[in-house]
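Here's the structure we're looking at; comments come further down.
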Amino acid sequence: MPFGSVALNDGYSIPAIAYGTGSTMKGRDVTEYVEQALESGFSHIDTAQVYGTEESTGKAIKESGLHRSDLFVTSKYLRGDIQQVIRDSLSKLGLEYLDLYLIHSPQFIHNMQETWTEFEKIKETGLSRSIGVSNFNVEHLESLIKVARIKPSVNQILLHPYNYKEMKPVLQFAKKNNIVIEAYSTLTPITKFPGGPVDEPVFSAAARRRGVKPSQILLAWARAKGAVVVTTSRSKQHLQEYLSSADIKPLTDEEIAAIDAAGEKNPESSISQSKQLKEIAGIILRIVLLFIMTFILFRQWI
């Protein structure tokens, strides 16, 4: 069962999983990795003005030989003249249009109404089929919707179990306003906080029951929250695992609740406590060994 697609509020649809070219790939030649992602079965490629990966992404798309209609390409605007920036992005990508163009961050937007008006022009002139935002909180979204003629189709956000409680209002607002959530860095419990509280319900429970990888459980968790997943890897094996997460048995309500509850705990403090316990265990072990060796030597002496 493939990931499939999710309907957008403007009549288009978006593939439910994307290959991202940001993170550790920023500023690198990603031709090889995008080609690998396309060969593995990804059809949705995510890039951005600030990533410095648009040109090599375009090269990979061209060399793939895939028809434009078989691809979904997202890029993001950060700064500069908006109309010129998107044309530069299209030129680097070798495309006539984008499927989705996002405001990368509200942090760099000085006048939301003027900026969004330019984005609406981009959609109306066909430079991008859909338009949206990234890293917007509820307040940002409310301000935008007040001045928008065309509602954003997508809000791409950082989303993983450890920030879910903080981001829950954003997901609720998006659902109420028919805005699709895209989730990036969902694998944070694995990549940044191994050994954290989420490990037990994800690694030891849900993954073991299904005989699958913890990464697949985390992607399934994001899907259960209604999010389109943006992920990345240089490993073909990992990419295939990510795609096959669509085939695993859906998480139960109890499993999702357990992951949510574990995510509310501080991963850094839990990992620190775990390290302290290991250090204490190591000290005790050394004391025991020292005692045994002393006892043996004493027996030999007498």
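In the structure tokens, chains take letters A, B, ... by order of appearance, with residues numbered from 1 within each chain and ligands from 1 in the order shown.
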Name the residues in contact with Pro152 of chain A at a cut-off of 12 Å, using only C-alpha atoms, excluding same-chain residues fewer than 2 positions from it; report them as a ChimeraX atom specification.
/A:8-10,100-103,116-117,119-120,123,129-134,136,140-150,154-156,174,177-181
For Gln84 of chain A, list every protein, DNA or RNA residue within 12 Å, evaluated using only C-alpha atoms, and leave out those in the same chain fewer than 3 positions away; present the list as a PDB file with N, CA and C atoms, in the first residue's frame.
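Output below, filename around_23.pdb:
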```pdb
ATOM      1  N   GLN A  49      15.030  28.026  -1.441  1.00  0.00           N
ATOM      2  CA  GLN A  49      15.988  29.061  -1.829  1.00  0.00           C
ATOM      3  C   GLN A  49      17.233  29.017  -0.957  1.00  0.00           C
ATOM      4  N   TYR A  77      10.450  30.290  -0.285  1.00  0.00           N
ATOM      5  CA  TYR A  77      10.986  31.655  -0.377  1.00  0.00           C
ATOM      6  C   TYR A  77      11.419  32.134   1.011  1.00  0.00           C
ATOM      7  N   ARG A  79      13.900  35.357   1.244  1.00  0.00           N
ATOM      8  CA  ARG A  79      14.126  36.805   1.170  1.00  0.00           C
ATOM      9  C   ARG A  79      14.361  37.243  -0.275  1.00  0.00           C
ATOM     10  N   GLY A  80      14.233  38.564  -0.484  1.00  0.00           N
ATOM     11  CA  GLY A  80      14.461  39.125  -1.810  1.00  0.00           C
ATOM     12  C   GLY A  80      13.166  39.455  -2.524  1.00  0.00           C
ATOM     13  N   ASP A  81      13.279  39.924  -3.760  1.00  0.00           N
ATOM     14  CA  ASP A  81      12.116  40.216  -4.591  1.00  0.00           C
ATOM     15  C   ASP A  81      11.409  38.904  -4.922  1.00  0.00           C
ATOM     16  N   ARG A  87      11.338  32.947  -9.968  1.00  0.00           N
ATOM     17  CA  ARG A  87      11.837  32.717 -11.334  1.00  0.00           C
ATOM     18  C   ARG A  87      13.259  32.170 -11.315  1.00  0.00           C
ATOM     19  N   ASP A  88      14.049  32.642 -10.373  1.00  0.00           N
ATOM     20  CA  ASP A  88      15.400  32.096 -10.219  1.00  0.00           C
ATOM     21  C   ASP A  88      15.336  30.628  -9.795  1.00  0.00           C
ATOM     22  N   SER A  89      14.418  30.327  -8.888  1.00  0.00           N
ATOM     23  CA  SER A  89      14.266  28.942  -8.431  1.00  0.00           C
ATOM     24  C   SER A  89      13.841  28.039  -9.584  1.00  0.00           C
ATOM     25  N   LEU A  90      12.886  28.498 -10.380  1.00  0.00           N
ATOM     26  CA  LEU A  90      12.417  27.704 -11.521  1.00  0.00           C
ATOM     27  C   LEU A  90      13.543  27.483 -12.529  1.00  0.00           C
ATOM     28  N   SER A  91      14.348  28.516 -12.735  1.00  0.00           N
ATOM     29  CA  SER A  91      15.471  28.402 -13.663  1.00  0.00           C
ATOM     30  C   SER A  91      16.474  27.358 -13.177  1.00  0.00           C
ATOM     31  N   GLU A 118       1.797  38.912  -3.227  1.00  0.00           N
ATOM     32  CA  GLU A 118       2.734  38.458  -4.259  1.00  0.00           C
ATOM     33  C   GLU A 118       2.624  36.946  -4.452  1.00  0.00           C
ATOM     34  N   PHE A 119       2.406  36.223  -3.374  1.00  0.00           N
ATOM     35  CA  PHE A 119       2.232  34.771  -3.484  1.00  0.00           C
ATOM     36  C   PHE A 119       0.940  34.446  -4.236  1.00  0.00           C
ATOM     37  N   ILE A 122       1.604  34.686  -7.778  1.00  0.00           N
ATOM     38  CA  ILE A 122       2.357  33.518  -8.241  1.00  0.00           C
ATOM     39  C   ILE A 122       1.410  32.376  -8.593  1.00  0.00           C
ATOM     40  N   LEU A 127       2.887  30.182 -11.855  1.00  0.00           N
ATOM     41  CA  LEU A 127       4.268  29.857 -11.510  1.00  0.00           C
ATOM     42  C   LEU A 127       4.333  28.779 -10.430  1.00  0.00           C
TER      43      LEU A 127
END
```
Step one, run DSSP on the backbone; step two, keep only residues of segment 129-169 of chain A assigned to helix (DSSP H, G or I); then write them as a PDB file with C-alpha atoms, in the first residue's frame.
```pdb
ATOM      1  CA  VAL A 138      -1.495  29.950  15.211  1.00  0.00           C
ATOM      2  CA  GLU A 139      -1.007  33.710  15.576  1.00  0.00           C
ATOM      3  CA  HIS A 140       0.840  33.893  12.238  1.00  0.00           C
ATOM      4  CA  LEU A 141      -1.880  31.864  10.522  1.00  0.00           C
ATOM      5  CA  GLU A 142      -4.681  33.979  11.969  1.00  0.00           C
ATOM      6  CA  SER A 143      -2.977  37.174  10.784  1.00  0.00           C
ATOM      7  CA  LEU A 144      -2.479  35.739   7.306  1.00  0.00           C
ATOM      8  CA  ILE A 145      -6.014  34.457   6.849  1.00  0.00           C
ATOM      9  CA  LYS A 146      -7.414  37.876   7.767  1.00  0.00           C
ATOM     10  CA  VAL A 147      -5.729  39.472   4.742  1.00  0.00           C
ATOM     11  CA  TYR A 164       3.676  17.622  19.747  1.00  0.00           C
ATOM     12  CA  LYS A 165       2.051  19.184  22.825  1.00  0.00           C
ATOM     13  CA  GLU A 166       3.423  22.593  21.793  1.00  0.00           C
ATOM     14  CA  MET A 167       2.337  22.157  18.161  1.00  0.00           C
ATOM     15  CA  LYS A 168      -1.083  20.629  18.845  1.00  0.00           C
ATOM     16  CA  PRO A 169      -2.899  24.007  18.611  1.00  0.00           C
TER      17      PRO A 169
END
```
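Residue nearest Thr231 of chain A, chosen from A:Thr74, A:Ser23, A:Thr53, A:Ser5 and counting only C-alpha atoms: A:Ser23.
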Pick from A:His160, A:Lys225, A:Arg210, A:His67, whichever lies nearest to Lys192 of chain A using only C-alpha atoms:
A:His160
Contacts of Lys213 of chain A at 9 Å (only C-alpha atoms; same-chain gap of 5+ positions) as a ChimeraX atom specification
/A:203,207-208,241,245
Limited to all heavy atoms, could you put the picked residues into a file as a PDB file, in the first residue's frame?
```
ATOM      1  N   PHE A 203      10.298   2.050  20.366  1.00  0.00           N
ATOM      2  CA  PHE A 203      11.274   1.013  20.047  1.00  0.00           C
ATOM      3  C   PHE A 203      10.863  -0.345  20.613  1.00  0.00           C
ATOM      4  O   PHE A 203      10.834  -1.340  19.916  1.00  0.00           O
ATOM      5  CB  PHE A 203      12.648   1.380  20.605  1.00  0.00           C
ATOM      6  CG  PHE A 203      13.271   2.590  19.973  1.00  0.00           C
ATOM      7  CD1 PHE A 203      12.509   3.532  19.308  1.00  0.00           C
ATOM      8  CD2 PHE A 203      14.628   2.786  20.044  1.00  0.00           C
ATOM      9  CE1 PHE A 203      13.076   4.648  18.738  1.00  0.00           C
ATOM     10  CE2 PHE A 203      15.222   3.902  19.474  1.00  0.00           C
ATOM     11  CZ  PHE A 203      14.436   4.842  18.829  1.00  0.00           C
ATOM     12  N   ALA A 207       7.195  -1.029  17.678  1.00  0.00           N
ATOM     13  CA  ALA A 207       8.058  -1.565  16.620  1.00  0.00           C
ATOM     14  C   ALA A 207       8.246  -3.066  16.783  1.00  0.00           C
ATOM     15  O   ALA A 207       8.199  -3.826  15.802  1.00  0.00           O
ATOM     16  CB  ALA A 207       9.409  -0.859  16.637  1.00  0.00           C
ATOM     17  N   ARG A 208       8.456  -3.524  18.016  1.00  0.00           N
ATOM     18  CA  ARG A 208       8.679  -4.951  18.257  1.00  0.00           C
ATOM     19  C   ARG A 208       7.444  -5.770  17.906  1.00  0.00           C
ATOM     20  O   ARG A 208       7.549  -6.859  17.333  1.00  0.00           O
ATOM     21  CB  ARG A 208       9.065  -5.170  19.717  1.00  0.00           C
ATOM     22  CG  ARG A 208       9.458  -6.617  20.011  1.00  0.00           C
ATOM     23  CD  ARG A 208       9.870  -6.813  21.469  1.00  0.00           C
ATOM     24  NE  ARG A 208       8.775  -6.511  22.373  1.00  0.00           N
ATOM     25  CZ  ARG A 208       8.866  -5.637  23.370  1.00  0.00           C
ATOM     26  NH1 ARG A 208       9.970  -4.953  23.568  1.00  0.00           N
ATOM     27  NH2 ARG A 208       7.833  -5.424  24.178  1.00  0.00           N
ATOM     28  N   GLU A 241      12.791   1.867   3.750  1.00  0.00           N
ATOM     29  CA  GLU A 241      12.097   1.660   5.023  1.00  0.00           C
ATOM     30  C   GLU A 241      11.039   2.734   5.243  1.00  0.00           C
ATOM     31  O   GLU A 241       9.924   2.446   5.690  1.00  0.00           O
ATOM     32  CB  GLU A 241      13.098   1.665   6.177  1.00  0.00           C
ATOM     33  CG  GLU A 241      13.996   0.436   6.220  1.00  0.00           C
ATOM     34  CD  GLU A 241      15.116   0.569   7.233  1.00  0.00           C
ATOM     35  OE1 GLU A 241      15.203   1.640   7.887  1.00  0.00           O
ATOM     36  OE2 GLU A 241      15.905  -0.378   7.374  1.00  0.00           O
ATOM     37  N   SER A 245       6.832   2.178   5.385  1.00  0.00           N
ATOM     38  CA  SER A 245       6.081   2.434   6.624  1.00  0.00           C
ATOM     39  C   SER A 245       4.595   2.592   6.339  1.00  0.00           C
ATOM     40  O   SER A 245       3.763   2.448   7.231  1.00  0.00           O
ATOM     41  CB  SER A 245       6.613   3.682   7.340  1.00  0.00           C
ATOM     42  OG  SER A 245       6.380   4.850   6.585  1.00  0.00           O
TER      43      SER A 245
END
```
So which bits of segment 20-122 of chain A end up strand (DSSP E) when you DSSP the backbone, as a list in words?
Gly20, His44, Ile45, Asp46, Phe72, Val73, Thr74, Ser75, Lys76, Tyr77, Leu98, Asp99, Leu100, Tyr101, Leu102 and Ile103 of chain A
Pick from A:Ser43, A:Thr31, A:Ser235, A:Thr24, whichever lies nearest to Glu55 of chain A using only C-alpha atoms
A:Thr31
Selected residue, from A:Glu114, A:Glu200, A:Glu255, A:Glu63, that lies nearest to Ala224 of chain A when counting only C-alpha atoms:
A:Glu255
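Between atom CA of Leu78 of chain A and atom CA of His104 of chain A the separation is 5.4 Å.
For the residues A:Thr125, A:Thr115, A:Thr232, A:Ser204, ranking by smallest atom-to-atom distance to Ile82 of chain A using only C-alpha atoms places A:Thr115 first.
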Fewer than 5 positions away in the same chain doesn't count, so skip those; otherwise give me all residues within 9 Å of Pro2 of chain A, counting only C-alpha atoms, as a VMD selection string.
chain A and resid 243 to 247
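As for atom CA of Glu264 of chain A and atom CA of Gln107 of chain A, they are spaced 26.5 Å apart.
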Using atom CA of Ala37 of chain A and atom CA of Ser56 of chain A as the two end points, give the distance in Å to one decimal.
13.4 Å
Please identify all polymer residues within 6 Å of Glu182 of chain A, counting only C-alpha atoms, omitting same-chain residues fewer than 4 positions from it, and present them as a VMD selection string.
chain A and resid 156 227 to 229
Choose the residue, out of A:Pro197, A:Gly27, A:Gly11, A:Gly4, that has the smallest atom-to-atom separation from Ser153 of chain A; count only C-alpha atoms.
A:Gly11
As a PyMOL selection string, please: the residues near Gln36 of chain A (cut-off 12 Å, only C-alpha atoms, same-chain neighbours under 5 positions excluded).
chain A and resi 19+30-31+41-43+45+57+60-61+63-64+232-240
